[in-house]
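Comments concern the structure below.
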Amino acid sequence: MAGTLKNVTDADFDTEVLRSDKPVLVDFWAEWCGPCRQIAPSLEAIAAEYGDQIEIVKLNIDQNPNTAAKYGVMSIPTLNVYQGGEVVKTIVGAKPKAAILRDLDSFIEAKAV
């Protein structure tokens with residue numbers, strides 16, 4: 001079953017991300033960030049294709065100036081993969097779908113072609 005890219009808030013981060021049975025890719029983004037908007041279609045496509053292997057969510061760090069510091073996000077966009085409540089992979093910067101899939105190959109079964 002295909003998944004979708006969904007928004008989470010800081011308040012529901014624990015239940016939506018840290019307690020998930022699957023690895024969760026979190027897109028830390030901001031409204032004013034052009035590169036954040038550029039990778040959104042790639043993340044939507046990955047979520048639709050690989051949603052049975054990995055969850056993909058967005059957390060807007062614009063909403064609270066302390067949110068970026070709380071999650072250790074130094075630049076945006078930053079994609080962190082959480083598994084078992086821990087960050088196991090960090091992908092920094094806007095990348096096309098194929099590059100993101102290469103970085104996620106240990107978390108998803110299919111490879112980009």
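Each chain in the structure tokens gets a letter, A, B, ..., in the order shown, and its residues are numbered from 1; ligands are numbered from 1 in order too.
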Near Gly85 (chain A), within 10 Å and counting only C-alpha atoms, which residues show up once chain neighbours fewer than 4 positions away are dropped, as an mmCIF file with N, CA and C atoms, in the first residue's frame?
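Now in out_29.cif:
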```
data_model
loop_
_atom_site.group_PDB
_atom_site.id
_atom_site.type_symbol
_atom_site.label_atom_id
_atom_site.label_comp_id
_atom_site.auth_asym_id
_atom_site.auth_seq_id
_atom_site.Cartn_x
_atom_site.Cartn_y
_atom_site.Cartn_z
ATOM 1 N N ASP A 14 6.777 12.950 18.771
ATOM 2 C CA ASP A 14 7.060 11.734 19.537
ATOM 3 C C ASP A 14 6.194 10.568 19.093
ATOM 4 N N VAL A 17 6.688 9.987 14.954
ATOM 5 C CA VAL A 17 8.020 9.680 14.423
ATOM 6 C C VAL A 17 8.776 8.705 15.318
ATOM 7 N N LEU A 18 8.952 9.065 16.573
ATOM 8 C CA LEU A 18 9.812 8.267 17.446
ATOM 9 C C LEU A 18 9.226 6.917 17.812
ATOM 10 N N ARG A 19 7.914 6.782 17.741
ATOM 11 C CA ARG A 19 7.277 5.507 18.102
ATOM 12 C C ARG A 19 6.831 4.687 16.895
ATOM 13 N N SER A 20 7.193 5.113 15.695
ATOM 14 C CA SER A 20 6.790 4.392 14.486
ATOM 15 C C SER A 20 7.523 3.062 14.383
ATOM 16 N N ASP A 21 6.828 2.058 13.870
ATOM 17 C CA ASP A 21 7.441 0.750 13.654
ATOM 18 C C ASP A 21 8.382 0.762 12.446
ATOM 19 N N PRO A 23 11.044 2.872 9.668
ATOM 20 C CA PRO A 23 11.914 4.050 9.627
ATOM 21 C C PRO A 23 11.091 5.254 9.163
ATOM 22 N N VAL A 24 11.389 6.429 9.681
ATOM 23 C CA VAL A 24 10.662 7.645 9.315
ATOM 24 C C VAL A 24 11.651 8.679 8.793
ATOM 25 N N VAL A 81 16.559 10.453 8.977
ATOM 26 C CA VAL A 81 15.853 9.186 9.091
ATOM 27 C C VAL A 81 15.936 8.748 10.553
#
```
Exercise. Could you pull out all residues of region 53-86 of chain A with a DSSP call of helix (DSSP H, G or I) and give them as a list in words?
Worked result: Thr67, Ala68, Ala69 and Lys70 of chain A
Write out the residues from the selection above, keeping N, CA, C and O atoms, as a short mmCIF file (atom, residue, chain, number, x, y, z; two decimals), in the first residue's frame.
```
data_model
loop_
_atom_site.label_atom_id
_atom_site.label_comp_id
_atom_site.auth_asym_id
_atom_site.auth_seq_id
_atom_site.Cartn_x
_atom_site.Cartn_y
_atom_site.Cartn_z
N THR A 67 12.65 25.33 17.34
CA THR A 67 12.48 23.97 16.83
C THR A 67 13.73 23.46 16.13
O THR A 67 14.14 22.31 16.33
N ALA A 68 14.37 24.29 15.30
CA ALA A 68 15.58 23.85 14.59
C ALA A 68 16.66 23.43 15.58
O ALA A 68 17.29 22.38 15.42
N ALA A 69 16.86 24.22 16.61
CA ALA A 69 17.88 23.90 17.62
C ALA A 69 17.52 22.61 18.36
O ALA A 69 18.40 21.79 18.64
N LYS A 70 16.25 22.43 18.66
CA LYS A 70 15.81 21.24 19.39
C LYS A 70 16.18 19.96 18.65
O LYS A 70 16.59 18.98 19.27
#
```
For this session: Using CA of Gln83 (chain A) and CA of Gln53 (chain A) as the two end points, give the distance in Å to one decimal.
Result: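 Interatomic distance, CA of Gln83 (chain A) to CA of Gln53 (chain A): 12.1 Å.
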Excluding region 31-39 of chain A and its own-chain neighbours fewer than 2 positions away, which residues fall within 9 Å of it when counting only C-alpha atoms? Please give them as a short mmCIF file (atom, residue, chain, number, x, y, z; two decimals) with N, CA and C atoms, in the first residue's frame.
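Written output follows (result.cif):
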```
data_model
loop_
_atom_site.label_atom_id
_atom_site.label_comp_id
_atom_site.auth_asym_id
_atom_site.auth_seq_id
_atom_site.Cartn_x
_atom_site.Cartn_y
_atom_site.Cartn_z
N ASP A 27 11.40 15.53 6.91
CA ASP A 27 11.84 16.68 6.13
C ASP A 27 11.67 17.93 6.99
N PHE A 28 12.78 18.48 7.47
CA PHE A 28 12.75 19.74 8.22
C PHE A 28 12.81 20.86 7.19
N TRP A 29 11.76 21.67 7.10
CA TRP A 29 11.65 22.67 6.06
C TRP A 29 11.13 23.98 6.62
N PRO A 41 8.24 17.71 -4.51
CA PRO A 41 7.70 16.71 -5.44
C PRO A 41 8.43 15.37 -5.38
N SER A 42 9.75 15.39 -5.18
CA SER A 42 10.50 14.15 -5.05
C SER A 42 10.06 13.37 -3.82
N LEU A 43 9.86 14.07 -2.69
CA LEU A 43 9.43 13.40 -1.47
C LEU A 43 8.03 12.84 -1.60
N GLU A 44 7.14 13.58 -2.29
CA GLU A 44 5.77 13.08 -2.53
C GLU A 44 5.82 11.79 -3.35
N ASN A 60 7.61 21.69 9.84
CA ASN A 60 7.90 23.08 9.51
C ASN A 60 8.62 23.73 10.69
N ILE A 61 9.90 24.06 10.50
CA ILE A 61 10.66 24.67 11.60
C ILE A 61 10.50 26.19 11.64
N ASP A 62 9.68 26.74 10.73
CA ASP A 62 9.33 28.17 10.79
C ASP A 62 8.43 28.48 11.98
N ILE A 76 18.64 24.06 6.14
CA ILE A 76 17.44 23.45 5.57
C ILE A 76 17.55 23.47 4.05
N PRO A 77 16.95 22.51 3.37
CA PRO A 77 16.26 21.38 3.97
C PRO A 77 17.24 20.34 4.53
N THR A 78 16.85 19.73 5.63
CA THR A 78 17.55 18.59 6.20
C THR A 78 16.57 17.45 6.31
N GLY A 93 20.37 19.19 2.24
CA GLY A 93 20.26 19.89 0.96
C GLY A 93 19.21 19.31 0.05
N ALA A 94 18.82 20.11 -0.94
CA ALA A 94 17.83 19.68 -1.93
C ALA A 94 18.49 18.74 -2.92
N LYS A 95 17.92 17.57 -3.08
CA LYS A 95 18.45 16.57 -4.00
C LYS A 95 17.30 16.03 -4.85
N PRO A 96 17.60 15.57 -6.05
CA PRO A 96 16.54 14.95 -6.86
C PRO A 96 16.16 13.59 -6.28
N LYS A 97 15.04 13.08 -6.76
CA LYS A 97 14.50 11.82 -6.27
C LYS A 97 15.53 10.68 -6.29
#
```
Problem set entry | Among listed residues A:Ala45, A:Val57, A:Ala40, A:Ala98, nearest Lys6 (chain A) (using only C-alpha atoms) | A:Val57
For this session: Find the residues near Leu79 (chain A): any atom within 6 Å, counting only C-alpha atoms, skip ones fewer than 4 places away on the same chain, and give them as a list of chain:residue names.
Result: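 The neighbour list is A:Val26, A:Asp27, A:Thr90, A:Ile91.
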Dump as a short mmCIF file (atom, residue, chain, number, x, y, z; two decimals), in the first residue's frame, selection limited to all heavy atoms:
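Saved as selection.cif:
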```
data_model
loop_
_atom_site.label_atom_id
_atom_site.label_comp_id
_atom_site.auth_asym_id
_atom_site.auth_seq_id
_atom_site.Cartn_x
_atom_site.Cartn_y
_atom_site.Cartn_z
N VAL A 26 12.16 12.40 8.07
CA VAL A 26 11.58 13.69 8.45
C VAL A 26 12.23 14.79 7.63
O VAL A 26 13.45 14.95 7.63
CB VAL A 26 11.77 13.98 9.96
CG1 VAL A 26 11.16 15.33 10.31
CG2 VAL A 26 11.15 12.88 10.79
N ASP A 27 11.40 15.53 6.91
CA ASP A 27 11.84 16.68 6.13
C ASP A 27 11.67 17.93 6.99
O ASP A 27 10.55 18.35 7.26
CB ASP A 27 10.99 16.78 4.86
CG ASP A 27 11.24 18.05 4.06
OD1 ASP A 27 12.29 18.68 4.25
OD2 ASP A 27 10.37 18.40 3.24
N THR A 90 21.35 11.21 8.00
CA THR A 90 21.05 12.61 7.74
C THR A 90 21.40 12.93 6.29
O THR A 90 22.48 12.58 5.82
CB THR A 90 21.84 13.54 8.67
OG1 THR A 90 21.44 13.28 10.02
CG2 THR A 90 21.58 15.00 8.37
N ILE A 91 20.45 13.56 5.61
CA ILE A 91 20.64 13.99 4.22
C ILE A 91 20.42 15.50 4.21
O ILE A 91 19.36 15.97 4.56
CB ILE A 91 19.62 13.30 3.29
CG1 ILE A 91 19.70 11.77 3.43
CG2 ILE A 91 19.81 13.75 1.85
CD1 ILE A 91 18.52 11.03 2.81
#
```
For this session: If you run DSSP over the backbone, which residues in chain A end up strand (DSSP E)? Put them as a list in words.
Result: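 Restricting chain A to strand (DSSP E) produces Lys6, Asn7, Val8, Val24, Leu25, Val26, Asp27, Phe28, Trp29, Glu55, Ile56, Val57, Lys58, Leu59, Asn60, Thr78, Leu79, Asn80, Val81, Tyr82, Gln83, Glu86, Val87, Val88, Lys89, Thr90, Ile91 and Val92 of chain A.
Going from CA of Glu55 (chain A) to CA of Gly3 (chain A) covers 7.3 Å.
Proximity to Thr9 (chain A) at 7 Å, evaluated using only C-alpha atoms and with sequence-adjacent residues fewer than 3 positions away removed, yields Asp12, Phe13 and Leu59 of chain A.
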Would you save the residues from that selection as a JSON list (two decimals), in the first residue's frame, using N, CA and C atoms?
```json
[["chain", "number", "residue", "atom", "x", "y", "z"],
["A", 12, "ASP", "N", 3.33, 16.52, 18.04],
["A", 12, "ASP", "CA", 3.05, 15.11, 17.76],
["A", 12, "ASP", "C", 4.26, 14.35, 17.21],
["A", 13, "PHE", "N", 5.45, 14.95, 17.27],
["A", 13, "PHE", "CA", 6.66, 14.32, 16.78],
["A", 13, "PHE", "C", 6.93, 12.99, 17.47],
["A", 59, "LEU", "N", 8.19, 18.52, 8.88],
["A", 59, "LEU", "CA", 8.07, 19.32, 10.09],
["A", 59, "LEU", "C", 8.53, 20.74, 9.76]]
```
Exercise. In Å, with one decimal, what is the gap from CA of Val73 (chain A) to CA of Lys89 (chain A)?
Worked result: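 If I compute the distance from CA of Val73 (chain A) to CA of Lys89 (chain A), I get 12.9 Å.
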